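A.B. asks: Here it is: the structure, laid out below.
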Amino acid sequence: SYQEVNPHESKHGGQRQWRVVHALAKTNCPEEVARLAAALYPAQIKERDEDGLLPLHIAAASPSYTSTSMPESNDMSSNTSNGSSGQAPAMMKVLLQKYPRAAQCADPQGRLPLHVALACGKTWDTGVQMLVQACPDVLLFGTRDIKTRLFSFLMAAVVVEYGEQVIRCKRRASRSIGGMWRLLPPNAKERVLKEAQEEVETLQLTTVFELLRAMPEVVRSGITSLD
């Protein structure tokens, strides 16, 4: 079986080694490409890079993307997406299928992939659900994030900074209209941005709800008895 590489050891005299699986974990690669990379370089799935990160840590910290797949024909329209909702990175899906134990492995800061994903703004549909299913003990034992000391549902509930929220909304709005943001008149931009903001808030609320539904005891544990 494959063994995890000690993050403090380097086979190349301190120089960074380029790894296909780790590089793809940062991207919106099609699932077919993710599966091919995992098949060609299976050892890298369990290998930490020079920063002590497994590919899953990198995928958890990557941006959320819309669905992407390889076109089945020369008709490129088969590879389009309306961008109405994000989707978990294909690489994350493949990594969890090949090595679900990675969801229990902390990064050098002591953070689990679930907490990394929540801190980076991922929602239930963009990776959180898969991470919870791969490592339900994080919720069952009420594991707090080592950095924020918050439960998972509280991390999802924390409102991101205004500037970051605007960026997310603009990115989602741009995807929904095919990337023609610069060509829209101001009133159309305002309307599309408002719709995107409502969708972002709904996704955030859904994430909080699903995490609470998975482990309601974390709320009860914080309520002081009146008896």
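Chain identifiers are assigned as A, B, and so on, following the order in which chains appear in the structure tokens; residues are numbered from 1 within each chain, and ligands are numbered from 1 in order of appearance.
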Which residues, written as a PyMOL selection string, have at least one atom at most 8 Å from A:Ala157, with only C-alpha atoms counted and residues fewer than 2 positions away on the same chain left out?
C.D. replies: chain A and resi 153-155+159+204-205+208
A.B. asks: So the first atom is atom CA of A:Cys105 and the second is atom CA of A:Met130; what is the distance between them in Å, to one decimal place?
C.D. replies: 15.0 Å
A.B. asks: Residues at most 9 Å from A:Met215, counting only C-alpha atoms, excluding those fewer than 5 positions away in the same chain, as a VMD selection string?
C.D. replies: chain A and resid 139 to 142 210
A.B. asks: Would you mind exporting N, CA, C and O atoms of the selected residues as a compact mmCIF listing (two decimals), in the first residue's frame?
C.D. replies:
# COMPACT_ATOMS: atom_id res chain seq x y z
N LEU A 139 -18.05 15.78 12.31
CA LEU A 139 -19.28 16.34 12.86
C LEU A 139 -19.74 15.57 14.09
O LEU A 139 -20.17 16.14 15.09
N LEU A 140 -19.65 14.24 14.00
CA LEU A 140 -20.17 13.41 15.08
C LEU A 140 -19.46 13.68 16.41
O LEU A 140 -20.07 13.63 17.47
N PHE A 141 -18.17 13.98 16.34
CA PHE A 141 -17.42 14.26 17.56
C PHE A 141 -17.29 15.76 17.84
O PHE A 141 -16.55 16.16 18.72
N GLY A 142 -18.01 16.56 17.06
CA GLY A 142 -18.01 18.00 17.30
C GLY A 142 -16.64 18.64 17.18
O GLY A 142 -16.28 19.51 17.97
N GLU A 210 -27.66 22.16 6.46
CA GLU A 210 -27.27 20.77 6.27
C GLU A 210 -26.26 20.31 7.32
O GLU A 210 -26.31 19.17 7.80
A.B. asks: I need the residue nearest A:Met92 from this list: A:Ala60, A:Leu211, A:Val200, A:Met180. Use only C-alpha atoms for the distance.
C.D. replies: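 Counting only C-alpha atoms, the residue closest to A:Met92 is A:Ala60.
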A.B. asks: Which one of A:Lys147, A:Arg191, A:Arg213, A:Lys46 sits closest to A:Ala119 if you count only C-alpha atoms?
C.D. replies: A:Lys147
A.B. asks: Find the residues around A:Gly52 up to 6 Å (only C-alpha atoms counted), leave out those fewer than 2 positions away in its own chain, and share them as a ChimeraX atom specification.
C.D. replies: /A:7,48-50,108
A.B. asks: Selected residues, C-alpha atoms, written as a PDB file, in the first residue's frame, please.
C.D. replies:
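This is the output file selection_6.pdb:
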ATOM      1  CA  PRO A   7       6.121  16.681   4.694  1.00  0.00           C
ATOM      2  CA  ARG A  48       2.264  15.499   0.659  1.00  0.00           C
ATOM      3  CA  ASP A  49       4.057  18.291  -1.168  1.00  0.00           C
ATOM      4  CA  GLU A  50       6.844  20.476   0.214  1.00  0.00           C
ATOM      5  CA  PRO A 108       0.465  21.518   8.691  1.00  0.00           C
TER       6      PRO A 108
END
